[in-house]
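Asker: This structure is in structure tokens; I'll ask about it shortly.
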Amino acid sequence: MLDIAFAKPELPKSGALVLLIHEDAKPSGLWQQADEATDGAIARAFSVAEFKGGKGKTCAILAPGAGLSRVLAVGLGKEDDVKQTTLEDAGGAIVAALGRETKVAVAADALKSGQAAEVALGAVLRGYRFDRYRTKEKAEDKPKLTGLTVMTANAGKAKSAFEPLQGVAKGVFLTRDLVSEPPNVLNPAEMASRCEKLAALGLTVEVLGPEEMGKLGFGALLGVAQGSVNEARMVVMHWNGGKKSDSKPVVFVGKGVTFDTGGISIKPAGGMEDMKWDMAGAGAVIGLMAALAGRKAKVNAIGLVGLVENMPSGNAQRPGDVVTSYSGQTIEVINTDAEGRLVLADVLWYAQEKYDPKFMVNLATLTGAIIIGLGHEYGGLFSNNDSLSERLSKAGEHTGEKLWRMPLHDNYDKQIKSDIADMKNVGGRPGGSITAAQFIQRFVNKKPWAHLDIAGMAWSSKDSPTIPKGATAFGVRLLDRLVAEHYED
Ligand code: BES
Ligand code: MN
Ligand code: ZN
């Protein structure tokens, strides 16, 4: 993780200087000082580049004089329109542009201390890399940048504002690491042992194996797992940061299919490697729990993840099998590739029964259909509770992890009627994401609940300002924000 230092504004004598500029603002502070020290090089460059500080625009000036290697100006748009995401994106743009620098000072003297911290968060988030398995990368291909100094009038205040943000960033990085890991390394047992390491942050972690889950009657989850030599796990992580020890916990549940071949209803070969990230819902729950602990959130939160590998084998579940879920409801498994809902069925029922939650939010890379509906811009939100849904949508707007509410309605239930069991696990192509949501709703026992279908959001094929391409950790910041805003004592 990039090192972030906060210091009082002072024109650096070497290295790179970053200017954060509001649209149509007049030079002042460090900007003006730098322009004077470079005999007007900055003003001349802005004029040639027609740079006025528009949001998302940048202007780089190489070797401008005064000992500086370069000046990078990053536009913030109009001062009144600056949002948290604007500042984070600016921070991300700095890291994207200055990876070859070793010394970078960011002039945030036109910003408030909290805003300076948000720029730093964006920089940290963009600086993520997963390079564990690269043994031959040349030095010139690796970023040299290891940290930034953010200059702001009240450096102490900015530092205190940054501390909790850094706790959240660590959670995001944990999720990105888990989601990036190859599926031969990150099987259910390995994922569970990574959860156990979170005890160091003050979380209490329980791990259940196939025997314990068998005794409980997790027929739906274990049916998915039975085709793999890699045994299933369920992990329960507790963070007891709430002051009132009697307050009902907030509960998060994640789909953790460490690899989804489709099982006997096998997927086509093209792109199947993507199914290593079919555990991104669980990955987000784990990162979220780390984030809550890392910033010592005043909340009682429980994270549960159902971890399985969906493989075809002589012992795999067949299309046509009927399984009995932990709730007692029976399910005819028409398609073994609709496995996520089977995993969630047992974990959700367990969560509501054992913990009497204030609400449950589950995250899952559940359906390809949600990508057809919403593309890669919004996660799908399904909920039986308008106020929870509203709060989630707002938290999404704020953090840039946007959600779009989708319908639930009994009329969809006819699509998952089975001729021989209580329900079947697929409802045909029409409204595929909705019938999946209707299915899991049967396992929430009418508790306040939301389901986030993040199939289109968990992985990104291109860089964006605060998310390098690859694992996004979608959901961690959103749910951290939901908790921070509404559920802390
Ligand atoms: N993990 C997939 C969903 C998925 C697809 C996530 C593409 C990310 C990208 C899920 O288990 C699945 O296979 N769903 C099926 C359901 C169908 C069989 C009803 C799907 O969406 O095709
Ligand atoms: Mn599947
Ligand atoms: Zn899946």
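Order determines the names: the first chain of the structure tokens is A, the second B, and so forth; residues in each chain are numbered 1 upward, and ligands are numbered 1 upward as they are shown.
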Around ligand 3, which protein and nucleic acid residues have at least one atom no more than 8 Å from it, if we count only C-alpha atoms and all ligand atoms? List them as a list in words.
Answerer: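 So, counting only C-alpha atoms and all ligand atoms, the residues near ligand 3 are Val257, Phe259, Asp260, Gly262, Met275, Asp278, Asn310, Asp337, Ala338, Glu339, Gly340, Thr365, Leu366 and Thr367 of chain A.
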Asker: Excluding region 61-77 of chain A and any residue of its chain fewer than 2 positions from it, enumerate the residues within 7 Å of it, using only C-alpha atoms, and give them as a CSV table (one decimal) with N, CA and C atoms, in the first residue's frame.
Answerer:
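Output file selection.csv is given in full below:
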chain,number,residue,atom,x,y,z
A,13,LYS,N,11.4,21.3,-3.5
A,13,LYS,CA,12.6,21.8,-4.3
A,13,LYS,C,13.0,20.8,-5.3
A,14,SER,N,12.4,19.6,-5.2
A,14,SER,CA,12.7,18.5,-6.2
A,14,SER,C,11.5,17.6,-6.3
A,15,GLY,N,11.6,16.6,-7.3
A,15,GLY,CA,10.5,15.7,-7.4
A,15,GLY,C,9.3,16.3,-8.2
A,16,ALA,N,8.2,15.6,-8.1
A,16,ALA,CA,7.0,16.1,-8.8
A,16,ALA,C,6.1,16.8,-7.9
A,17,LEU,N,5.4,17.8,-8.5
A,17,LEU,CA,4.4,18.6,-7.7
A,17,LEU,C,3.1,18.4,-8.4
A,18,VAL,N,2.1,18.1,-7.6
A,18,VAL,CA,0.7,18.0,-8.2
A,18,VAL,C,-0.1,19.1,-7.7
A,19,LEU,N,-0.8,19.8,-8.6
A,19,LEU,CA,-1.7,20.9,-8.3
A,19,LEU,C,-3.1,20.4,-8.5
A,20,LEU,N,-4.0,20.5,-7.5
A,20,LEU,CA,-5.4,20.2,-7.7
A,20,LEU,C,-6.2,21.5,-7.9
A,21,ILE,N,-6.8,21.5,-9.0
A,21,ILE,CA,-7.3,22.8,-9.5
A,21,ILE,C,-8.8,22.8,-9.8
A,22,HIS,N,-9.5,23.8,-9.1
A,22,HIS,CA,-10.9,24.0,-9.3
A,22,HIS,C,-11.1,24.7,-10.7
A,23,GLU,N,-12.2,24.3,-11.4
A,23,GLU,CA,-12.4,24.9,-12.7
A,23,GLU,C,-12.5,26.4,-12.6
A,37,ALA,N,8.0,30.5,-9.3
A,37,ALA,CA,9.3,29.9,-9.3
A,37,ALA,C,9.7,29.3,-10.6
A,38,THR,N,8.8,29.0,-11.5
A,38,THR,CA,9.1,28.5,-12.8
A,38,THR,C,9.0,29.5,-13.9
A,41,ALA,N,6.0,29.1,-16.3
A,41,ALA,CA,5.8,27.9,-17.1
A,41,ALA,C,4.5,27.2,-17.0
A,45,ALA,N,1.8,26.6,-20.0
A,45,ALA,CA,1.4,25.3,-20.4
A,45,ALA,C,-0.2,25.1,-20.3
A,53,GLY,N,-9.0,23.3,-15.5
A,53,GLY,CA,-9.4,22.6,-14.3
A,53,GLY,C,-10.7,21.8,-14.4
A,54,GLY,N,-11.1,21.5,-15.6
A,54,GLY,CA,-12.3,20.7,-15.8
A,54,GLY,C,-12.2,19.4,-15.1
A,55,LYS,N,-13.3,18.8,-14.6
A,55,LYS,CA,-13.2,17.6,-13.9
A,55,LYS,C,-12.7,16.5,-14.8
A,56,GLY,N,-11.7,15.8,-14.2
A,56,GLY,CA,-11.1,14.6,-15.0
A,56,GLY,C,-10.0,15.0,-16.0
A,57,LYS,N,-9.8,16.3,-16.2
A,57,LYS,CA,-8.8,16.8,-17.1
A,57,LYS,C,-7.5,16.9,-16.4
A,58,THR,N,-6.4,16.6,-17.1
A,58,THR,CA,-5.1,16.7,-16.5
A,58,THR,C,-4.1,17.5,-17.4
A,59,CYS,N,-3.1,18.1,-16.9
A,59,CYS,CA,-2.1,18.7,-17.7
A,59,CYS,C,-0.7,18.5,-17.1
A,79,GLU,N,-15.9,24.2,-8.0
A,79,GLU,CA,-15.7,23.9,-6.6
A,79,GLU,C,-17.0,23.5,-5.9
A,82,VAL,N,-17.8,19.6,-6.3
A,82,VAL,CA,-16.8,18.6,-5.9
A,82,VAL,C,-17.5,17.6,-4.9
A,86,THR,N,-15.2,12.7,-6.8
A,86,THR,CA,-14.3,13.6,-7.6
A,86,THR,C,-12.9,13.6,-7.0
A,90,ALA,N,-9.4,12.1,-8.5
A,90,ALA,CA,-8.2,12.9,-8.7
A,90,ALA,C,-7.0,12.2,-8.1
Asker: Set the distance at 12 Å and use only C-alpha atoms: which residues neighbour Ile302 (chain A) once local chain neighbours fewer than 6 positions away are removed? I'd like the list as an MDAnalysis selection string.
Answerer: chainID A and resid 203:206 235:242 248:254 285:286 288:290 292:293 351:352 354:362
Asker: Go ahead and write the residues just picked, C-alpha atoms, as a tab-separated table (two decimals), in the first residue's frame.
Answerer:
chain	number	residue	atom	x	y	z
A	203	LEU	CA	-12.55	-10.59	14.81
A	204	THR	CA	-13.83	-13.88	16.17
A	205	VAL	CA	-13.76	-16.49	13.42
A	206	GLU	CA	-15.56	-19.86	13.32
A	235	VAL	CA	-16.97	-19.27	7.85
A	236	VAL	CA	-18.66	-17.01	10.39
A	237	MET	CA	-16.82	-13.82	11.32
A	238	HIS	CA	-17.94	-11.69	14.26
A	239	TRP	CA	-17.03	-8.08	14.92
A	240	ASN	CA	-18.37	-6.88	18.26
A	241	GLY	CA	-17.66	-3.18	18.14
A	242	GLY	CA	-21.13	-2.08	19.25
A	248	LYS	CA	-29.14	-6.97	17.05
A	249	PRO	CA	-26.27	-7.55	14.66
A	250	VAL	CA	-26.10	-6.46	11.05
A	251	VAL	CA	-25.41	-9.53	8.94
A	252	PHE	CA	-23.60	-9.93	5.62
A	253	VAL	CA	-23.60	-13.13	3.60
A	254	GLY	CA	-21.39	-13.95	0.60
A	285	VAL	CA	-17.88	-9.86	2.93
A	286	ILE	CA	-14.42	-10.82	4.22
A	288	LEU	CA	-15.84	-5.64	4.70
A	289	MET	CA	-15.36	-7.39	8.04
A	290	ALA	CA	-11.66	-6.50	7.90
A	292	LEU	CA	-15.05	-2.63	9.99
A	293	ALA	CA	-12.48	-4.07	12.37
A	351	ALA	CA	-27.85	-16.60	9.52
A	352	GLN	CA	-31.42	-15.54	10.19
A	354	LYS	CA	-29.01	-18.18	14.62
A	355	TYR	CA	-28.41	-14.44	14.81
A	356	ASP	CA	-31.79	-12.65	14.65
A	357	PRO	CA	-30.29	-9.94	12.45
A	358	LYS	CA	-31.29	-6.30	12.19
A	359	PHE	CA	-31.00	-6.97	8.47
A	360	MET	CA	-29.16	-9.30	6.12
A	361	VAL	CA	-27.39	-8.19	2.95
A	362	ASN	CA	-26.04	-10.89	0.68
Asker: Going by DSSP on the backbone, which residues of region 113-324 of chain A come out as helix (DSSP H, G or I)? List them as a VMD selection string.
Answerer: chain A and resid 113 to 126 139 to 141 155 to 180 188 to 201 210 to 216 219 to 225 272 to 277 280 to 294
Asker: Do you know which residues are at most 12 Å from Ile467 (chain A) counting only C-alpha atoms, after dropping those on the same chain fewer than 5 positions away, and could you put them as a compact mmCIF listing (two decimals) with N, CA and C atoms, in the first residue's frame?
Answerer:
# COMPACT_ATOMS: atom_id res chain seq x y z
N GLU A 88 -11.50 11.38 -4.88
CA GLU A 88 -10.86 10.06 -4.99
C GLU A 88 -10.33 9.84 -6.40
N ASP A 89 -11.14 10.21 -7.39
CA ASP A 89 -10.71 10.04 -8.79
C ASP A 89 -9.46 10.88 -9.07
N GLY A 91 -7.17 11.64 -6.89
CA GLY A 91 -6.06 10.90 -6.26
C GLY A 91 -5.62 9.74 -7.12
N GLY A 92 -6.59 9.04 -7.70
CA GLY A 92 -6.27 7.91 -8.58
C GLY A 92 -5.52 8.37 -9.82
N ALA A 93 -5.93 9.51 -10.37
CA ALA A 93 -5.28 10.03 -11.59
C ALA A 93 -3.81 10.37 -11.32
N VAL A 95 -1.76 8.84 -9.24
CA VAL A 95 -0.96 7.60 -9.21
C VAL A 95 -0.83 7.00 -10.60
N ALA A 96 -1.91 7.09 -11.39
CA ALA A 96 -1.85 6.55 -12.74
C ALA A 96 -0.81 7.30 -13.57
N LEU A 121 -7.00 8.70 -0.23
CA LEU A 121 -7.67 7.39 -0.37
C LEU A 121 -7.70 6.95 -1.83
N GLY A 122 -8.07 7.88 -2.72
CA GLY A 122 -8.13 7.54 -4.14
C GLY A 122 -6.77 7.10 -4.66
N ALA A 123 -5.72 7.78 -4.20
CA ALA A 123 -4.36 7.43 -4.62
C ALA A 123 -4.01 6.01 -4.17
N VAL A 124 -4.31 5.73 -2.92
CA VAL A 124 -4.01 4.41 -2.36
C VAL A 124 -4.76 3.32 -3.14
N LEU A 125 -6.04 3.57 -3.40
CA LEU A 125 -6.85 2.55 -4.08
C LEU A 125 -6.32 2.26 -5.48
N ARG A 126 -5.88 3.32 -6.19
CA ARG A 126 -5.37 3.10 -7.54
C ARG A 126 -4.01 2.42 -7.52
N GLY A 127 -3.30 2.56 -6.42
CA GLY A 127 -1.95 1.99 -6.33
C GLY A 127 -1.92 0.50 -6.09
N TYR A 128 -3.09 -0.14 -6.05
CA TYR A 128 -3.13 -1.59 -5.81
C TYR A 128 -2.53 -2.38 -6.98
N ARG A 129 -1.76 -3.41 -6.65
CA ARG A 129 -1.26 -4.34 -7.67
C ARG A 129 -1.29 -5.74 -7.10
N ALA A 169 -9.44 0.87 3.09
CA ALA A 169 -8.60 0.50 1.93
C ALA A 169 -7.94 -0.86 2.16
N VAL A 172 -10.44 -3.40 1.30
CA VAL A 172 -10.58 -3.47 -0.16
C VAL A 172 -9.43 -4.30 -0.75
N PHE A 173 -8.23 -4.08 -0.25
CA PHE A 173 -7.06 -4.81 -0.78
C PHE A 173 -7.15 -6.29 -0.46
N ARG A 176 -9.51 -7.68 -2.96
CA ARG A 176 -8.90 -7.77 -4.29
C ARG A 176 -7.89 -8.92 -4.35
N GLY A 400 -19.54 5.48 -5.20
CA GLY A 400 -19.28 5.12 -6.60
C GLY A 400 -19.54 3.65 -6.88
N GLU A 401 -19.98 2.89 -5.87
CA GLU A 401 -20.38 1.50 -6.11
C GLU A 401 -21.91 1.49 -6.25
N MET A 457 -19.99 -6.55 -11.75
CA MET A 457 -19.20 -5.52 -11.07
C MET A 457 -17.95 -6.02 -10.37
N ALA A 458 -17.82 -7.32 -10.22
CA ALA A 458 -16.75 -7.88 -9.38
C ALA A 458 -15.38 -7.80 -10.03
N TRP A 459 -15.39 -7.76 -11.34
CA TRP A 459 -14.13 -7.83 -12.11
C TRP A 459 -14.19 -6.79 -13.20
N SER A 460 -13.08 -6.10 -13.44
CA SER A 460 -13.11 -5.08 -14.47
C SER A 460 -12.01 -5.35 -15.50
N SER A 461 -12.38 -5.22 -16.78
CA SER A 461 -11.39 -5.52 -17.82
C SER A 461 -10.58 -4.30 -18.20
N LYS A 462 -10.92 -3.14 -17.60
CA LYS A 462 -10.09 -1.95 -17.87
C LYS A 462 -9.91 -1.10 -16.61
N THR A 472 -12.32 -5.77 -8.37
CA THR A 472 -12.73 -4.43 -7.97
C THR A 472 -12.99 -4.28 -6.46
N ALA A 473 -13.34 -5.39 -5.81
CA ALA A 473 -13.80 -5.35 -4.40
C ALA A 473 -15.13 -4.63 -4.27
N PHE A 474 -15.93 -4.65 -5.33
CA PHE A 474 -17.24 -4.00 -5.29
C PHE A 474 -18.02 -4.49 -4.08
Asker: Ranking A:Arg429, A:Lys402, A:Arg318, A:Lys447 by minimum distance to Leu388 (chain A) and counting only C-alpha atoms, which one comes first?
Answerer: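 The answer is A:Lys447, which sits nearest to Leu388 (chain A).
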Asker: Restricting the calculation to only C-alpha atoms and all ligand atoms: of A:Ala7, A:Leu165, A:Val224, A:Ala484, which residue gets closest to ligand 2?
Answerer: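 Nearest to ligand 2: A:Val224.
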Asker: Which one of A:Ile440, A:Val168, A:Leu145, A:Val347 sits closest to Gly303 (chain A) if you count only C-alpha atoms?
Answerer: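 The shortest atom-to-atom distance to Gly303 (chain A) comes from A:Val347.
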Asker: Hey, which of A:Gln438, A:Asn385, A:Asn411, A:Ser265 ends up closest to ligand 1? Count only C-alpha atoms and all ligand atoms.
Answerer: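 Counting only C-alpha atoms and all ligand atoms, the residue closest to ligand 1 is A:Ser265.
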Asker: Can you pull out the residues contacting Ala161 (chain A)? Cut-off 9 Å, using only C-alpha atoms, and skip same-chain residues under 6 positions away; I want them as a PyMOL selection string.
Answerer: chain A and resi 113-118
Asker: If you measure from CA of Leu148 (chain A) to CA of Thr102 (chain A), what distance in Å do you get, rounded to one decimal?
Answerer: 8.8 Å
Asker: Please measure the separation of CA of Met213 (chain A) and CA of Leu342 (chain A), giving the value in Å to one decimal.
Answerer: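 One can read the CA of Met213 (chain A) to CA of Leu342 (chain A) distance as 13.8 Å.
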Asker: How far is it from CA of Leu344 (chain A) to CA of Ala297 (chain A), in Å with one decimal?
Answerer: 26.1 Å
Asker: Could you give me the residues within region 182-264 of chain A that DSSP places in strand (DSSP E or B), as a PyMOL selection string?
Answerer: chain A and resi 204-208+233-240+250-260
Asker: Kindly save the residues from that selection, with N, CA and C atoms included, as a short mmCIF file (atom, residue, chain, number, x, y, z; two decimals), in the first residue's frame.
Answerer:
data_model
loop_
_atom_site.label_atom_id
_atom_site.label_comp_id
_atom_site.auth_asym_id
_atom_site.auth_seq_id
_atom_site.Cartn_x
_atom_site.Cartn_y
_atom_site.Cartn_z
N THR A 204 -13.73 -12.49 15.75
CA THR A 204 -13.83 -13.88 16.17
C THR A 204 -14.25 -14.69 14.94
N VAL A 205 -13.53 -15.76 14.66
CA VAL A 205 -13.76 -16.49 13.42
C VAL A 205 -14.07 -17.96 13.70
N GLU A 206 -15.20 -18.44 13.19
CA GLU A 206 -15.56 -19.86 13.32
C GLU A 206 -15.55 -20.48 11.93
N VAL A 207 -15.05 -21.70 11.83
CA VAL A 207 -15.06 -22.40 10.54
C VAL A 207 -15.80 -23.72 10.70
N LEU A 208 -16.78 -23.96 9.82
CA LEU A 208 -17.49 -25.24 9.81
C LEU A 208 -17.09 -26.03 8.58
N ARG A 233 -16.54 -25.29 3.08
CA ARG A 233 -16.43 -24.64 4.39
C ARG A 233 -17.52 -23.58 4.50
N MET A 234 -17.95 -23.33 5.74
CA MET A 234 -18.68 -22.09 5.99
C MET A 234 -17.91 -21.35 7.07
N VAL A 235 -17.69 -20.06 6.85
CA VAL A 235 -16.97 -19.27 7.85
C VAL A 235 -17.91 -18.21 8.40
N VAL A 236 -17.88 -18.05 9.72
CA VAL A 236 -18.66 -17.01 10.39
C VAL A 236 -17.67 -16.08 11.10
N MET A 237 -17.73 -14.81 10.73
CA MET A 237 -16.82 -13.82 11.32
C MET A 237 -17.63 -12.82 12.15
N HIS A 238 -17.21 -12.60 13.37
CA HIS A 238 -17.94 -11.69 14.26
C HIS A 238 -17.08 -10.48 14.58
N TRP A 239 -17.67 -9.31 14.45
CA TRP A 239 -17.03 -8.08 14.92
C TRP A 239 -17.97 -7.46 15.95
N ASN A 240 -17.52 -7.42 17.19
CA ASN A 240 -18.37 -6.88 18.26
C ASN A 240 -17.85 -5.52 18.67
N VAL A 250 -25.90 -6.55 12.49
CA VAL A 250 -26.10 -6.46 11.05
C VAL A 250 -25.35 -7.64 10.44
N VAL A 251 -25.96 -8.27 9.44
CA VAL A 251 -25.41 -9.53 8.94
C VAL A 251 -25.16 -9.45 7.43
N PHE A 252 -23.98 -9.92 7.03
CA PHE A 252 -23.60 -9.93 5.62
C PHE A 252 -23.26 -11.36 5.21
N VAL A 253 -23.77 -11.75 4.05
CA VAL A 253 -23.60 -13.13 3.60
C VAL A 253 -23.01 -13.11 2.18
N GLY A 254 -22.02 -13.96 1.92
CA GLY A 254 -21.39 -13.95 0.60
C GLY A 254 -21.38 -15.31 -0.07
N LYS A 255 -21.61 -15.28 -1.39
CA LYS A 255 -21.44 -16.48 -2.22
C LYS A 255 -19.95 -16.67 -2.47
N GLY A 256 -19.44 -17.84 -2.08
CA GLY A 256 -18.02 -18.10 -2.26
C GLY A 256 -17.77 -19.37 -3.04
N VAL A 257 -18.07 -19.31 -4.34
CA VAL A 257 -17.78 -20.46 -5.20
C VAL A 257 -16.36 -20.23 -5.73
N THR A 258 -15.40 -20.97 -5.20
CA THR A 258 -14.00 -20.66 -5.52
C THR A 258 -13.65 -21.01 -6.96
N PHE A 259 -14.44 -21.91 -7.56
CA PHE A 259 -14.41 -22.06 -9.02
C PHE A 259 -15.74 -22.67 -9.46
N ASP A 260 -16.33 -22.07 -10.49
CA ASP A 260 -17.63 -22.53 -10.98
C ASP A 260 -17.49 -23.06 -12.41
#
Asker: Find the residue from A:Asn335, A:Ser28, A:Asn425, A:Thr435 that sits nearest to Ile370 (chain A); use only C-alpha atoms when measuring.
Answerer: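 Among the listed residues, the smallest separation from Ile370 (chain A) belongs to A:Thr435.
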Asker: I need the residue nearest ligand 2 from this list: A:Pro12, A:Ala455, A:Leu2, A:Lys103. Use only C-alpha atoms and all ligand atoms for the distance.
Answerer: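 Looking only at the distances to ligand 2, the closest residue turns out to be A:Ala455.
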Asker: Determine, counting only C-alpha atoms, which protein, DNA and RNA residues have an atom within 8 Å of an atom of Asp346 (chain A); residues of the same chain fewer than 3 positions away are not included. Present the result as a list in words.
Answerer: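 Selected residues are Phe218, Gly219, Ala220, Leu221, Ser325, Tyr326, Ser327, Leu342, Val343, Trp349, Tyr350 and Phe443 of chain A.
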Asker: Quick one: everything within 12 Å of Asn184 (chain A), counting only C-alpha atoms, minus sequence neighbours fewer than 4 positions away in the same chain. Send it as a PDB file with N, CA, C and O atoms, in the first residue's frame.
Answerer:
ATOM      1  N   SER A 180      -8.352 -12.112  -6.812  1.00  0.00           N
ATOM      2  CA  SER A 180      -7.323 -12.268  -7.846  1.00  0.00           C
ATOM      3  C   SER A 180      -6.636 -13.628  -7.800  1.00  0.00           C
ATOM      4  O   SER A 180      -6.094 -14.090  -8.808  1.00  0.00           O
ATOM      5  N   PRO A 188     -11.788 -23.700  -1.077  1.00  0.00           N
ATOM      6  CA  PRO A 188     -12.546 -23.323   0.125  1.00  0.00           C
ATOM      7  C   PRO A 188     -11.728 -23.381   1.423  1.00  0.00           C
ATOM      8  O   PRO A 188     -11.832 -22.473   2.261  1.00  0.00           O
ATOM      9  N   ALA A 189     -10.908 -24.412   1.576  1.00  0.00           N
ATOM     10  CA  ALA A 189     -10.137 -24.527   2.827  1.00  0.00           C
ATOM     11  C   ALA A 189      -9.127 -23.394   2.960  1.00  0.00           C
ATOM     12  O   ALA A 189      -8.947 -22.818   4.040  1.00  0.00           O
ATOM     13  N   GLU A 190      -8.476 -23.052   1.839  1.00  0.00           N
ATOM     14  CA  GLU A 190      -7.496 -21.960   1.875  1.00  0.00           C
ATOM     15  C   GLU A 190      -8.197 -20.626   2.184  1.00  0.00           C
ATOM     16  O   GLU A 190      -7.699 -19.802   2.956  1.00  0.00           O
ATOM     17  N   MET A 191      -9.361 -20.457   1.584  1.00  0.00           N
ATOM     18  CA  MET A 191     -10.092 -19.205   1.823  1.00  0.00           C
ATOM     19  C   MET A 191     -10.495 -19.102   3.295  1.00  0.00           C
ATOM     20  O   MET A 191     -10.406 -18.032   3.907  1.00  0.00           O
ATOM     21  N   VAL A 229     -13.083 -32.553  -4.967  1.00  0.00           N
ATOM     22  CA  VAL A 229     -12.222 -33.110  -3.914  1.00  0.00           C
ATOM     23  C   VAL A 229     -11.887 -32.038  -2.874  1.00  0.00           C
ATOM     24  O   VAL A 229     -11.422 -32.370  -1.785  1.00  0.00           O
ATOM     25  N   ASN A 230     -12.112 -30.775  -3.227  1.00  0.00           N
ATOM     26  CA  ASN A 230     -11.876 -29.704  -2.261  1.00  0.00           C
ATOM     27  C   ASN A 230     -13.120 -29.501  -1.401  1.00  0.00           C
ATOM     28  O   ASN A 230     -14.153 -29.052  -1.889  1.00  0.00           O
ATOM     29  N   THR A 258     -15.402 -20.972  -5.203  1.00  0.00           N
ATOM     30  CA  THR A 258     -13.997 -20.664  -5.516  1.00  0.00           C
ATOM     31  C   THR A 258     -13.653 -21.007  -6.961  1.00  0.00           C
ATOM     32  O   THR A 258     -12.703 -20.470  -7.514  1.00  0.00           O
ATOM     33  N   PHE A 259     -14.437 -21.908  -7.564  1.00  0.00           N
ATOM     34  CA  PHE A 259     -14.412 -22.062  -9.019  1.00  0.00           C
ATOM     35  C   PHE A 259     -15.739 -22.673  -9.456  1.00  0.00           C
ATOM     36  O   PHE A 259     -16.212 -23.628  -8.860  1.00  0.00           O
ATOM     37  N   GLU A 273     -12.187 -19.393 -17.290  1.00  0.00           N
ATOM     38  CA  GLU A 273     -11.227 -18.953 -16.256  1.00  0.00           C
ATOM     39  C   GLU A 273     -11.772 -17.803 -15.400  1.00  0.00           C
ATOM     40  O   GLU A 273     -11.358 -17.636 -14.247  1.00  0.00           O
ATOM     41  N   LYS A 276     -13.038 -18.107 -11.631  1.00  0.00           N
ATOM     42  CA  LYS A 276     -12.266 -18.062 -10.382  1.00  0.00           C
ATOM     43  C   LYS A 276     -12.811 -16.961  -9.475  1.00  0.00           C
ATOM     44  O   LYS A 276     -12.649 -17.005  -8.267  1.00  0.00           O
ATOM     45  N   GLU A 309     -16.527 -25.508  -4.174  1.00  0.00           N
ATOM     46  CA  GLU A 309     -16.064 -25.531  -5.557  1.00  0.00           C
ATOM     47  C   GLU A 309     -17.088 -26.347  -6.340  1.00  0.00           C
ATOM     48  O   GLU A 309     -17.474 -27.430  -5.903  1.00  0.00           O
TER      49      GLU A 309
END
